[in-house]
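Novice: My structure is in input.cif, and what it holds is mmCIF, C-alpha atoms:
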```
data_data
#
loop_
_atom_site.label_atom_id
_atom_site.label_comp_id
_atom_site.auth_asym_id
_atom_site.auth_seq_id
_atom_site.Cartn_x
_atom_site.Cartn_y
_atom_site.Cartn_z
CA MET F 1 -17.67 -21.77 5.22
CA PRO F 2 -14.95 -22.65 7.76
CA GLY F 3 -13.66 -19.67 9.65
CA PHE F 4 -10.23 -18.07 9.56
CA ALA F 5 -7.39 -19.17 11.80
CA GLU F 6 -7.56 -17.70 15.28
CA ARG F 7 -4.17 -16.04 14.86
CA VAL F 8 -5.50 -13.78 12.10
CA ALA F 9 -8.15 -12.26 14.34
CA ALA F 10 -5.84 -12.18 17.36
CA VAL F 11 -3.00 -10.28 15.69
CA GLY F 12 -4.83 -7.96 13.32
CA GLY F 13 -3.27 -5.55 10.84
CA SER F 14 -0.53 -3.00 11.22
CA PRO F 15 -1.65 0.44 12.44
CA VAL F 16 1.20 1.98 10.43
CA ARG F 17 -0.02 0.39 7.20
CA ASP F 18 -3.56 1.50 8.04
CA ILE F 19 -2.39 5.08 8.51
CA LEU F 20 -0.50 5.00 5.22
CA ALA F 21 -3.68 3.94 3.45
CA VAL F 22 -5.51 6.94 4.91
CA THR F 23 -2.69 9.41 4.20
CA SER F 24 -1.73 8.34 0.68
CA ARG F 25 -3.12 11.54 -0.85
CA PRO F 26 -0.31 13.57 -2.47
CA GLU F 27 -1.21 16.71 -0.51
CA VAL F 28 -0.52 14.99 2.83
CA VAL F 29 2.89 15.60 4.41
CA ASN F 30 3.45 12.10 5.69
CA PHE F 31 5.70 11.77 8.71
CA ALA F 32 4.01 8.43 9.45
CA GLY F 33 5.71 6.11 6.98
CA GLY F 34 9.18 4.63 7.12
CA LEU F 35 9.70 5.29 3.43
CA PRO F 36 13.11 6.14 1.97
CA ALA F 37 13.16 9.27 -0.19
CA PRO F 38 12.47 8.05 -3.76
CA GLU F 39 14.28 10.95 -5.40
CA LEU F 40 17.49 9.68 -3.79
CA PHE F 41 17.30 6.20 -5.31
CA ASP F 42 20.14 5.48 -7.74
CA THR F 43 17.59 4.79 -10.45
CA GLU F 44 20.09 4.84 -13.32
CA GLY F 45 22.52 2.53 -11.55
CA ILE F 46 19.84 0.02 -10.57
CA ALA F 47 18.31 0.10 -14.06
CA ALA F 48 21.73 -0.53 -15.59
CA ALA F 49 22.26 -3.50 -13.29
CA TYR F 50 18.97 -5.06 -14.39
CA ARG F 51 19.71 -4.35 -18.07
CA ASP F 52 23.13 -5.95 -17.86
CA VAL F 53 21.88 -9.02 -16.02
CA LEU F 54 19.05 -9.58 -18.50
CA ALA F 55 21.30 -8.95 -21.50
CA GLU F 56 24.05 -11.29 -20.34
CA SER F 57 22.28 -14.05 -18.40
CA ALA F 58 18.53 -13.79 -18.90
CA GLY F 59 18.01 -17.55 -18.71
CA ARG F 60 19.58 -17.70 -15.28
CA ALA F 61 17.98 -14.49 -14.06
CA LEU F 62 14.48 -15.58 -14.96
CA GLN F 63 14.82 -19.15 -13.71
CA TYR F 64 14.21 -20.81 -10.36
CA ALA F 65 17.15 -20.65 -7.96
CA THR F 66 18.34 -22.21 -4.73
CA THR F 67 16.52 -21.35 -1.52
CA GLU F 68 19.66 -20.06 0.21
CA GLY F 69 20.25 -17.38 -2.43
CA GLU F 70 22.48 -16.63 -5.39
CA PRO F 71 26.11 -17.46 -4.53
CA VAL F 72 27.44 -14.24 -6.06
CA LEU F 73 25.17 -12.12 -3.85
CA ARG F 74 25.86 -14.16 -0.73
CA ALA F 75 29.59 -13.74 -1.33
CA ALA F 76 29.20 -9.98 -1.75
CA LEU F 77 27.18 -9.69 1.45
CA ALA F 78 29.72 -11.76 3.36
CA ALA F 79 32.51 -9.54 2.04
CA ARG F 80 30.71 -6.42 3.29
CA TYR F 81 30.49 -7.92 6.78
CA GLY F 82 34.14 -8.89 6.64
CA ALA F 83 35.17 -5.38 5.63
CA ARG F 84 33.46 -4.11 8.79
CA GLY F 85 35.23 -6.55 11.08
CA LEU F 86 32.72 -9.42 11.25
CA ALA F 87 34.25 -12.44 9.53
CA THR F 88 31.56 -14.15 7.49
CA GLY F 89 31.57 -16.82 4.80
CA ALA F 90 29.19 -16.80 1.86
CA ASP F 91 27.56 -19.96 3.23
CA GLY F 92 26.83 -18.07 6.45
CA VAL F 93 24.21 -15.88 4.74
CA LEU F 94 20.63 -16.72 3.74
CA VAL F 95 19.00 -14.30 1.30
CA THR F 96 15.41 -13.40 2.17
CA THR F 97 12.56 -11.48 0.58
CA GLY F 98 13.18 -8.39 2.65
CA SER F 99 14.38 -8.57 6.24
CA GLN F 100 10.74 -8.82 7.33
CA GLN F 101 10.70 -12.32 5.88
CA ALA F 102 13.78 -13.14 7.95
CA LEU F 103 11.78 -12.27 11.06
CA SER F 104 8.95 -14.53 9.94
CA LEU F 105 11.35 -17.39 9.18
CA LEU F 106 13.01 -17.06 12.58
CA ALA F 107 9.62 -17.09 14.27
CA THR F 108 8.72 -20.26 12.37
CA ALA F 109 12.04 -21.94 13.13
CA LEU F 110 12.31 -21.03 16.81
CA LEU F 111 8.88 -20.47 18.34
CA GLU F 112 6.12 -22.74 19.54
CA PRO F 113 2.76 -21.28 20.60
CA GLY F 114 3.14 -19.97 24.13
CA ASP F 115 6.91 -19.41 23.95
CA VAL F 116 8.14 -16.11 25.34
CA VAL F 117 9.92 -13.49 23.26
CA LEU F 118 11.62 -10.55 24.93
CA VAL F 119 11.59 -7.21 23.10
CA GLU F 120 12.61 -3.61 23.64
CA ASP F 121 10.08 -1.14 24.95
CA PRO F 122 8.91 0.34 22.62
CA CYS F 123 9.59 -2.12 19.77
CA TYR F 124 9.47 -2.32 15.97
CA LEU F 125 5.82 -2.88 15.20
CA ALA F 126 6.16 -5.51 12.44
CA ALA F 127 8.34 -7.63 14.71
CA LEU F 128 5.56 -7.65 17.30
CA GLN F 129 3.24 -8.80 14.52
CA ALA F 130 5.55 -11.61 13.42
CA PHE F 131 6.09 -12.98 16.91
CA ARG F 132 2.44 -12.75 17.89
CA PHE F 133 1.43 -14.41 14.63
CA ALA F 134 3.62 -17.35 15.66
CA GLY F 135 1.64 -17.57 18.92
CA ALA F 136 4.43 -16.22 21.12
CA ARG F 137 3.90 -14.31 24.33
CA VAL F 138 5.76 -11.02 23.89
CA VAL F 139 7.26 -9.42 27.00
CA ALA F 140 8.83 -5.95 27.04
CA VAL F 141 12.16 -5.40 28.79
CA PRO F 142 12.57 -2.03 30.51
CA GLY F 143 15.13 0.44 29.23
CA ASP F 144 15.88 4.13 28.96
CA ALA F 145 16.90 6.72 26.37
CA HIS F 146 19.97 4.61 25.56
CA GLY F 147 18.08 1.38 24.97
CA VAL F 148 17.49 -1.86 26.83
CA ASP F 149 18.79 -2.25 30.39
CA PRO F 150 21.00 -5.39 30.48
CA VAL F 151 20.25 -5.95 34.19
CA ALA F 152 16.52 -5.88 33.46
CA LEU F 153 17.14 -8.20 30.51
CA GLU F 154 18.80 -10.80 32.72
CA GLU F 155 16.03 -10.52 35.29
CA SER F 156 13.45 -11.05 32.53
CA VAL F 157 15.32 -14.09 31.22
CA VAL F 158 15.33 -15.65 34.70
CA ARG F 159 11.65 -14.84 35.26
CA HIS F 160 10.17 -15.74 31.86
CA ARG F 161 12.60 -18.30 30.33
CA PRO F 162 12.28 -16.84 26.81
CA LYS F 163 13.42 -18.36 23.53
CA LEU F 164 14.88 -15.14 22.14
CA PHE F 165 15.50 -11.45 22.61
CA TYR F 166 14.73 -9.18 19.65
CA THR F 167 16.49 -5.84 19.27
CA VAL F 168 17.15 -3.06 16.76
CA PRO F 169 20.24 -1.69 18.48
CA THR F 170 21.24 0.96 15.94
CA PHE F 171 18.90 3.89 15.12
CA GLN F 172 16.01 1.89 16.48
CA ASN F 173 12.56 1.89 14.98
CA PRO F 174 10.58 3.65 16.46
CA THR F 175 12.80 5.71 18.78
CA GLY F 176 15.94 6.35 16.72
CA ARG F 177 18.13 5.53 19.75
CA THR F 178 21.38 3.53 19.59
CA LEU F 179 22.48 0.98 22.17
CA PRO F 180 25.96 1.86 23.51
CA ALA F 181 28.87 -0.56 23.09
CA GLU F 182 29.06 -1.49 26.76
CA ARG F 183 25.39 -2.49 26.79
CA ARG F 184 25.86 -4.56 23.64
CA ALA F 185 28.66 -6.46 25.34
CA ALA F 186 26.43 -6.96 28.38
CA VAL F 187 23.54 -8.25 26.24
CA ALA F 188 25.90 -10.76 24.61
CA SER F 189 27.08 -11.87 28.04
CA VAL F 190 23.53 -12.35 29.34
CA ALA F 191 22.62 -14.45 26.30
CA ALA F 192 25.71 -16.63 26.70
CA ARG F 193 25.22 -17.20 30.44
CA ARG F 194 21.47 -17.73 30.35
CA GLY F 195 20.97 -19.62 27.09
CA LEU F 196 19.16 -17.17 24.81
CA TRP F 197 18.94 -16.46 21.10
CA ILE F 198 19.55 -12.86 20.04
CA VAL F 199 17.81 -11.53 16.94
CA GLU F 200 19.73 -8.40 15.96
CA ASP F 201 17.88 -6.42 13.30
CA ASP F 202 20.02 -3.86 11.47
CA PRO F 203 18.14 -2.18 8.61
CA TYR F 204 19.33 1.36 9.42
CA GLY F 205 22.91 0.98 10.66
CA GLU F 206 24.57 2.28 7.49
CA LEU F 207 22.60 5.54 7.65
CA ARG F 208 24.90 7.23 10.18
CA PHE F 209 25.10 11.05 10.13
CA GLU F 210 27.51 11.61 12.98
CA GLY F 211 29.38 9.81 15.75
CA ASP F 212 31.30 6.57 15.59
CA ARG F 213 29.98 3.26 14.37
CA VAL F 214 29.16 0.78 17.15
CA PRO F 215 29.99 -2.89 16.44
CA TRP F 216 27.19 -5.40 16.00
CA ILE F 217 26.14 -7.39 19.06
CA ALA F 218 27.01 -10.46 16.97
CA SER F 219 30.68 -9.47 17.16
CA TYR F 220 30.89 -9.48 20.98
CA PRO F 221 32.18 -12.47 23.00
CA GLY F 222 29.38 -14.85 23.87
CA ALA F 223 27.11 -13.81 21.01
CA GLU F 224 28.89 -15.56 18.15
CA ASP F 225 26.96 -18.83 18.26
CA ARG F 226 23.57 -17.45 19.29
CA THR F 227 22.91 -14.33 17.18
CA ALA F 228 20.82 -14.03 14.04
CA LEU F 229 21.89 -10.77 12.39
CA LEU F 230 19.43 -9.33 9.87
CA GLY F 231 20.23 -6.89 7.08
CA SER F 232 18.42 -5.23 4.21
CA PHE F 233 18.91 -3.24 1.00
CA SER F 234 15.54 -1.52 1.50
CA LYS F 235 16.95 1.60 3.16
CA VAL F 236 20.21 1.90 1.17
CA MET F 237 19.34 0.63 -2.32
CA ALA F 238 15.57 0.30 -2.92
CA PRO F 239 12.75 -1.26 -0.86
CA GLY F 240 10.90 -2.40 -3.99
CA MET F 241 13.64 -4.94 -4.70
CA ARG F 242 12.60 -6.74 -1.47
CA LEU F 243 16.09 -7.98 -0.66
CA GLY F 244 17.15 -8.83 2.86
CA TRP F 245 19.34 -11.44 4.47
CA LEU F 246 20.01 -13.40 7.60
CA ARG F 247 23.48 -14.19 9.02
CA ALA F 248 23.16 -16.97 11.58
CA PRO F 249 24.83 -20.11 12.96
CA ALA F 250 24.59 -23.08 10.64
CA GLY F 251 21.84 -24.99 12.43
CA LEU F 252 19.51 -22.01 12.71
CA ARG F 253 20.26 -20.95 9.16
CA ARG F 254 19.34 -24.40 7.85
CA ALA F 255 16.09 -24.35 9.83
CA CYS F 256 15.22 -20.97 8.34
CA ALA F 257 16.02 -22.28 4.84
CA VAL F 258 13.52 -25.10 5.34
CA ALA F 259 10.92 -22.57 6.49
CA LYS F 260 11.66 -20.44 3.44
CA GLN F 261 11.18 -23.40 1.11
CA ALA F 262 7.64 -23.66 2.44
CA ALA F 263 7.07 -19.90 2.19
CA ASP F 264 8.30 -18.89 -1.27
CA LEU F 265 10.93 -21.40 -2.51
CA HIS F 266 13.43 -18.56 -3.05
CA THR F 267 13.79 -14.81 -3.36
CA PRO F 268 13.42 -13.59 -7.00
CA THR F 269 16.58 -14.49 -8.91
CA VAL F 270 16.63 -11.43 -11.13
CA ASN F 271 16.55 -9.10 -8.12
CA GLN F 272 19.41 -10.95 -6.46
CA LEU F 273 21.58 -10.89 -9.56
CA ALA F 274 20.82 -7.22 -10.18
CA ALA F 275 21.85 -6.35 -6.62
CA ALA F 276 25.04 -8.35 -6.97
CA ARG F 277 25.80 -6.62 -10.27
CA TYR F 278 25.16 -3.23 -8.67
CA LEU F 279 27.58 -4.05 -5.85
CA ALA F 280 30.20 -5.11 -8.40
CA ASP F 281 29.85 -2.14 -10.74
CA ARG F 282 28.85 0.72 -8.44
CA ASP F 283 30.04 2.17 -5.15
CA LEU F 284 27.14 1.51 -2.78
CA ASP F 285 29.03 3.04 0.14
CA ALA F 286 29.47 6.32 -1.73
CA HIS F 287 25.76 6.32 -2.57
CA VAL F 288 24.90 5.74 1.09
CA VAL F 289 27.06 8.72 2.08
CA ARG F 290 25.08 10.92 -0.32
CA VAL F 291 21.78 9.63 1.06
CA ALA F 292 22.93 10.12 4.65
CA ASP F 293 24.00 13.69 3.90
CA ALA F 294 20.51 14.48 2.61
CA TYR F 295 18.88 12.74 5.54
CA ARG F 296 21.06 14.67 7.99
CA GLU F 297 19.76 17.95 6.57
CA ARG F 298 16.19 16.69 6.88
CA ARG F 299 16.71 15.56 10.45
CA ASP F 300 18.17 18.94 11.34
CA THR F 301 15.24 20.70 9.68
CA MET F 302 12.76 18.69 11.72
CA LEU F 303 14.68 19.23 14.95
CA ALA F 304 14.78 22.97 14.33
CA GLY F 305 10.98 23.16 13.99
CA LEU F 306 9.76 20.81 16.72
CA ALA F 307 9.75 23.34 19.55
CA GLU F 308 7.23 25.47 17.70
CA ALA F 309 5.16 22.54 16.41
CA LEU F 310 4.75 20.50 19.61
CA PRO F 311 3.00 21.61 22.81
CA ALA F 312 5.02 23.25 25.56
CA GLY F 313 6.61 20.64 27.79
CA SER F 314 7.18 18.13 24.97
CA THR F 315 10.49 16.30 24.70
CA TRP F 316 12.24 14.52 21.83
CA ASN F 317 15.52 12.84 20.99
CA ARG F 318 18.31 13.66 18.50
CA PRO F 319 19.16 10.47 16.60
CA GLU F 320 22.66 10.13 15.17
CA GLY F 321 21.29 8.44 12.06
CA GLY F 322 18.48 6.36 10.66
CA MET F 323 15.03 7.60 9.74
CA PHE F 324 13.03 8.32 12.90
CA LEU F 325 12.82 10.46 15.97
CA TRP F 326 10.63 9.93 19.00
CA ALA F 327 8.65 12.62 20.77
CA ARG F 328 6.72 12.66 24.03
CA LEU F 329 3.98 15.22 24.59
CA PRO F 330 2.82 16.27 28.06
CA SER F 331 1.06 13.38 29.77
CA SER F 332 -2.39 14.91 29.28
CA HIS F 333 -2.10 14.33 25.51
CA ASP F 334 -3.22 11.13 23.78
CA THR F 335 -1.58 11.01 20.34
CA THR F 336 -4.00 8.37 19.06
CA ALA F 337 -6.98 10.58 19.89
CA LEU F 338 -5.25 13.62 18.40
CA LEU F 339 -4.37 11.97 15.09
CA PRO F 340 -7.71 12.53 13.23
CA ARG F 341 -7.60 16.28 13.69
CA VAL F 342 -3.94 16.34 12.64
CA VAL F 343 -4.73 14.31 9.50
CA ALA F 344 -7.51 16.81 8.77
CA ARG F 345 -4.67 19.36 8.42
CA ASP F 346 -3.02 17.12 5.78
CA VAL F 347 -0.16 15.90 7.91
CA ALA F 348 0.37 12.58 9.70
CA TYR F 349 2.48 10.85 12.32
CA VAL F 350 2.33 7.43 13.98
CA PRO F 351 1.00 7.33 17.56
CA GLY F 352 3.40 5.64 19.92
CA ALA F 353 0.96 3.29 21.64
CA PRO F 354 1.05 0.40 19.09
CA PHE F 355 4.83 0.06 19.49
CA TYR F 356 4.54 -1.05 23.12
CA ALA F 357 4.29 -4.73 24.00
CA GLY F 358 3.15 -3.84 27.51
CA GLU F 359 1.52 -0.75 28.96
CA PRO F 360 1.72 1.98 26.30
CA ASP F 361 2.78 5.57 26.77
CA ARG F 362 -0.08 7.27 24.94
CA SER F 363 1.64 10.65 24.86
CA THR F 364 4.35 9.43 22.46
CA LEU F 365 4.62 9.59 18.67
CA ARG F 366 7.05 8.62 15.91
CA LEU F 367 8.10 11.03 13.19
CA CYS F 368 9.90 9.95 10.01
CA PHE F 369 12.13 12.76 8.76
CA VAL F 370 13.58 11.30 5.54
CA THR F 371 10.73 11.08 3.04
CA GLN F 372 10.05 14.81 2.62
CA THR F 373 12.30 17.63 1.49
CA PRO F 374 13.31 20.29 4.04
CA GLU F 375 10.69 22.67 2.63
CA GLU F 376 7.99 20.02 2.96
CA ILE F 377 9.13 19.21 6.51
CA ARG F 378 8.81 22.85 7.52
CA GLU F 379 5.30 23.03 6.06
CA GLY F 380 4.37 19.71 7.65
CA LEU F 381 5.49 20.90 11.07
CA ARG F 382 3.45 24.08 10.65
CA ARG F 383 0.37 21.96 9.91
CA LEU F 384 1.19 19.64 12.79
CA GLY F 385 1.31 22.55 15.21
CA VAL F 386 -2.05 23.83 14.00
CA GLY F 387 -3.59 20.36 14.29
CA LEU F 388 -2.27 19.68 17.78
CA ARG F 389 -3.52 23.05 19.00
CA GLY F 390 -6.95 22.19 17.66
#
```
Once more with this new file: its structure as structure tokens, please.

Specialist:
Amino acid sequence: MPGFAERVAAVGGSPVRDILAVTSRPEVVNFAGGLPAPELFDTEGIAAAYRDVLAESAGRALQYATTEGEPVLRAALAARYGARGLATGADGVLVTTGSQQALSLLATALLEPGDVVLVEDPCYLAALQAFRFAGARVVAVPGDAHGVDPVALEESVVRHRPKLFYTVPTFQNPTGRTLPAERRAAVASVAARRGLWIVEDDPYGELRFEGDRVPWIASYPGAEDRTALLGSFSKVMAPGMRLGWLRAPAGLRRACAVAKQAADLHTPTVNQLAAARYLADRDLDAHVVRVADAYRERRDTMLAGLAEALPAGSTWNRPEGGMFLWARLPSSHDTTALLPRVVARDVAYVPGAPFYAGEPDRSTLRLCFVTQTPEEIREGLRRLGVGLRG
């Protein structure tokens, strides 16, 4: 039989998904996944939205739809951007099957094999997959605890002549850090001067626990005509609905729509209409506040127990929102090598190494603090400490 495409062997699977397969037993305290807490889903509200849609317009809900997305949902998404200071028309939004599909569509629309993509260091793992699957050469841009260094970004643009720069500027996956406003403005300026697409991924931005909201890079001068801004309902409504979207300039949006036609024709109509109905009948913002309050308590619980769980000399950050925090053990520790004995204690994390496009820091790890209750977090940290001590 003919063999598989070279890209399949070259890219491989996701280490995070592989870890989740190993740690799916109910007794495992799983800090590895990026899973929202299921007990916080507005199950009744979402169920009511589906019931109403199917009762009132089943023929439409169960039928094929346009590739760009249901107009009522696109209008609602545009209105949410407008309410936060980013003027957007309904036609400026393309609905996707999760924001992960938006990444894949952008890679299809923008990248030829061998093109360079600049990313943060470390970077969201599934974005690395999407870009490498498109045959791109992924180059990490140096940064610090506050995110990418705009000076290093400009130097990388001059040196590598990339097609795009990918960033998760708010509560980044995996580090939880947030790019300050002045750096966002500088990134927009670099892109405008040097001719660069910005892919701004924002799945976690609404999950803020403290501090002031920082405007999207897309809102800064110079970024307006060159930014694809990605959003998702996965972290604020329900990931199983697989609803994301892409806000982009018209030409890029049309190119992504053509790519989507080839991928799946359109995102499921019933899910789109149910989400639009939920937005019309319920207060999503109030629900997000309740979720963020619970997540804040869970973050604080994890922060309170890390000193005892991690080896002496470890460091970690304090994210202002989102789902993750990033820890660095003393340099003699390899978190990939340590993982099996930690899993043997029925607890799991994600080693940091796979998140690096360049040379990895093998002493790092990502911890998700939202999926477990505070009691489970405390027990998980106890097990983690035992496992790391051997």

Novice: To one decimal place, how far is atom CA of Gly143 of chain F from atom CA of Ala185 of chain F in Å?

Specialist: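 Straight-line distance from atom CA of Gly143 of chain F to atom CA of Ala185 of chain F works out to 15.7 Å.
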
Novice: Enter the distance from atom CA of Ala126 of chain F to atom CA of Leu103 of chain F, in Å, rounded to one decimal.

Specialist: 8.9 Å

Novice: Enumerate, in order of chain and increasing residue number, the residues of segment 279-369 of chain F with an atom no farther than 12 Å from segment 67-87 of chain F, each with its shortest atom pair and distance in Å to one decimal, counting all atoms listed in the file, as a Markdown table.

Specialist:
```
| residue | atom | partner | partner_atom | distance |
| --- | --- | --- | --- | --- |
| F:Leu279 | CA | F:Ala76 | CA | 7.4 |
| F:Ala280 | CA | F:Ala76 | CA | 8.3 |
| F:Asp281 | CA | F:Ala76 | CA | 11.9 |
| F:Leu284 | CA | F:Arg80 | CA | 10.6 |
| F:Asp285 | CA | F:Arg80 | CA | 10.1 |
```

Novice: Using all atoms listed in the file, determine which residues lie at most 9 Å from Gly390 of chain F, disregarding the query and same-chain residues fewer than 3 positions distant; provide the list as a ChimeraX atom specification.

Specialist: /F:338,341-342,385-387

Novice: Please enumerate the residues selected by the PyMOL selection byres ((chain F and resi 268-278) around 9) when evaluated against the supplied file, formatted as a PyMOL selection string.

Specialist: chain F and resi 45-54+58+60-66+69-70+72-74+76-77+95+97+233+237+241-243+266-267+279-284

Novice: For Trp197 of chain F, work out the shell of residues within 7 Å, counting only C-alpha atoms and skipping chain neighbours fewer than 4 positions away, then give it as a PyMOL selection string.

Specialist: chain F and resi 163-165+191+226-227

Novice: Write a file of the just-selected residues containing C-alpha atoms, as an mmCIF file, in the coordinates of the input.

Specialist:
```
data_model
loop_
_atom_site.group_PDB
_atom_site.id
_atom_site.type_symbol
_atom_site.label_atom_id
_atom_site.label_comp_id
_atom_site.auth_asym_id
_atom_site.auth_seq_id
_atom_site.Cartn_x
_atom_site.Cartn_y
_atom_site.Cartn_z
ATOM 1 C CA LYS F 163 13.420 -18.360 23.530
ATOM 2 C CA LEU F 164 14.880 -15.140 22.140
ATOM 3 C CA PHE F 165 15.500 -11.450 22.610
ATOM 4 C CA ALA F 191 22.620 -14.450 26.300
ATOM 5 C CA ARG F 226 23.570 -17.450 19.290
ATOM 6 C CA THR F 227 22.910 -14.330 17.180
#
```

Novice: To one decimal place in Å, what is the distance between atom CA of Val157 of chain F and atom CA of Asp115 of chain F?

Specialist: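 The value is 12.3 Å.
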
Novice: Can you give me, as an mmCIF file with C-alpha atoms, in the frame of the given file, the residues this file yields under the PyMOL selection byres ((chain F and resi 292-308) around 8)?

Specialist:
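Listing of selection-v2.cif after writing:
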```cif
data_model
loop_
_atom_site.group_PDB
_atom_site.id
_atom_site.type_symbol
_atom_site.label_atom_id
_atom_site.label_comp_id
_atom_site.auth_asym_id
_atom_site.auth_seq_id
_atom_site.Cartn_x
_atom_site.Cartn_y
_atom_site.Cartn_z
ATOM 1 C CA LEU F 207 22.600 5.540 7.650
ATOM 2 C CA ARG F 208 24.900 7.230 10.180
ATOM 3 C CA PHE F 209 25.100 11.050 10.130
ATOM 4 C CA VAL F 288 24.900 5.740 1.090
ATOM 5 C CA VAL F 289 27.060 8.720 2.080
ATOM 6 C CA ARG F 290 25.080 10.920 -0.320
ATOM 7 C CA VAL F 291 21.780 9.630 1.060
ATOM 8 C CA ALA F 309 5.160 22.540 16.410
ATOM 9 C CA LEU F 310 4.750 20.500 19.610
ATOM 10 C CA PRO F 311 3.000 21.610 22.810
ATOM 11 C CA ALA F 312 5.020 23.250 25.560
ATOM 12 C CA SER F 314 7.180 18.130 24.970
ATOM 13 C CA ARG F 318 18.310 13.660 18.500
ATOM 14 C CA GLY F 321 21.290 8.440 12.060
ATOM 15 C CA MET F 323 15.030 7.600 9.740
ATOM 16 C CA PHE F 369 12.130 12.760 8.760
ATOM 17 C CA VAL F 370 13.580 11.300 5.540
ATOM 18 C CA GLN F 372 10.050 14.810 2.620
ATOM 19 C CA THR F 373 12.300 17.630 1.490
ATOM 20 C CA PRO F 374 13.310 20.290 4.040
ATOM 21 C CA ILE F 377 9.130 19.210 6.510
ATOM 22 C CA ARG F 378 8.810 22.850 7.520
ATOM 23 C CA LEU F 381 5.490 20.900 11.070
ATOM 24 C CA GLY F 385 1.310 22.550 15.210
#
```

Novice: I need the residue nearest Gln172 of chain F from this list: F:Leu118, F:Leu325, F:Leu252, F:Leu196. Use only C-alpha atoms for the distance.

Specialist: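 Nearest candidate to Gln172 of chain F out of F:Leu118, F:Leu325, F:Leu252, F:Leu196: F:Leu325.
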
Novice: Using the chain letters and numbers from the file, which residues does the PyMOL selection byres ((chain F and resi 359) around 12) grab, as a list in words?

Specialist: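 Applied to this file, the PyMOL selection byres ((chain F and resi 359) around 12) selects Asp121, Pro122, Val139, Ala140, Val141, Pro142, Gly352, Ala353, Pro354, Phe355, Tyr356, Ala357, Gly358, Pro360, Asp361 and Arg362 of chain F.
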
Novice: Name the residues in contact with Asp201 of chain F at a cut-off of 7 Å, using only C-alpha atoms, excluding same-chain residues fewer than 3 positions from it; report them as a PyMOL selection string.

Specialist: chain F and resi 167-168+229-231

Novice: So which residues touch Arg183 of chain F within 8 Å, counting all atoms listed in the file, skipping near sequence neighbours fewer than 6 positions away, as a list of chain:residue names?

Specialist: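 Within the cut-off, the hits are F:Val148, F:Asp149, F:Pro150.
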
Novice: Keeping only C-alpha atoms, take the residues you just selected and write them out as an mmCIF file, in the coordinates of the input.

Specialist:
```cif
data_model
loop_
_atom_site.group_PDB
_atom_site.id
_atom_site.type_symbol
_atom_site.label_atom_id
_atom_site.label_comp_id
_atom_site.auth_asym_id
_atom_site.auth_seq_id
_atom_site.Cartn_x
_atom_site.Cartn_y
_atom_site.Cartn_z
ATOM 1 C CA VAL F 148 17.490 -1.860 26.830
ATOM 2 C CA ASP F 149 18.790 -2.250 30.390
ATOM 3 C CA PRO F 150 21.000 -5.390 30.480
#
```

Novice: For a quick check of understanding, using only C-alpha atoms, which of F:Pro174, F:Gly98, F:Pro330, F:Gly240 has the smallest distance to Leu125 of chain F?

Specialist: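 Of F:Pro174, F:Gly98, F:Pro330, F:Gly240, the one nearest Leu125 of chain F is F:Pro174, counting only C-alpha atoms.
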
Novice: Would you compute an axis-aligned box for segment 333-346 of chain F, covering every atom listed for it in the file with 5 Å of margin on each side, and report centre and edge lengths in Å to one decimal as lines of an AutoDock Vina configuration file?

Specialist:
```
center_x = -4.6
center_y = 13.9
center_z = 15.6
size_x = 16.1
size_y = 21.0
size_z = 29.7
```

Novice: Point out the residue among F:Arg194, F:Arg253, F:His146, F:Arg25 with the least atom-to-atom distance to Asp346 of chain F, counting all atoms listed in the file.

Specialist: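 Among the listed residues, F:Arg25 lies closest to Asp346 of chain F.
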
Novice: Of the candidates F:Cys368, F:Val347, F:Val28, F:Ile19, which one gets nearest to Arg382 of chain F if we count all atoms listed in the file?

Specialist: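 The closest residue to Arg382 of chain F is F:Val347.
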
Novice: Can you work out which one of F:Leu106, F:Ala286, F:Leu384, F:Ala134 has the shortest atom-to-atom distance to Val258 of chain F, counting all atoms listed in the file?

Specialist: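 Answer, going by the shortest atom-to-atom distance: F:Leu106.
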
Novice: I'd like to know which of F:Pro113, F:Gly244, F:Pro26, F:Pro169 is closest to Arg213 of chain F, using all atoms listed in the file.

Specialist: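 Under the stated criterion, the closest residue is F:Pro169.
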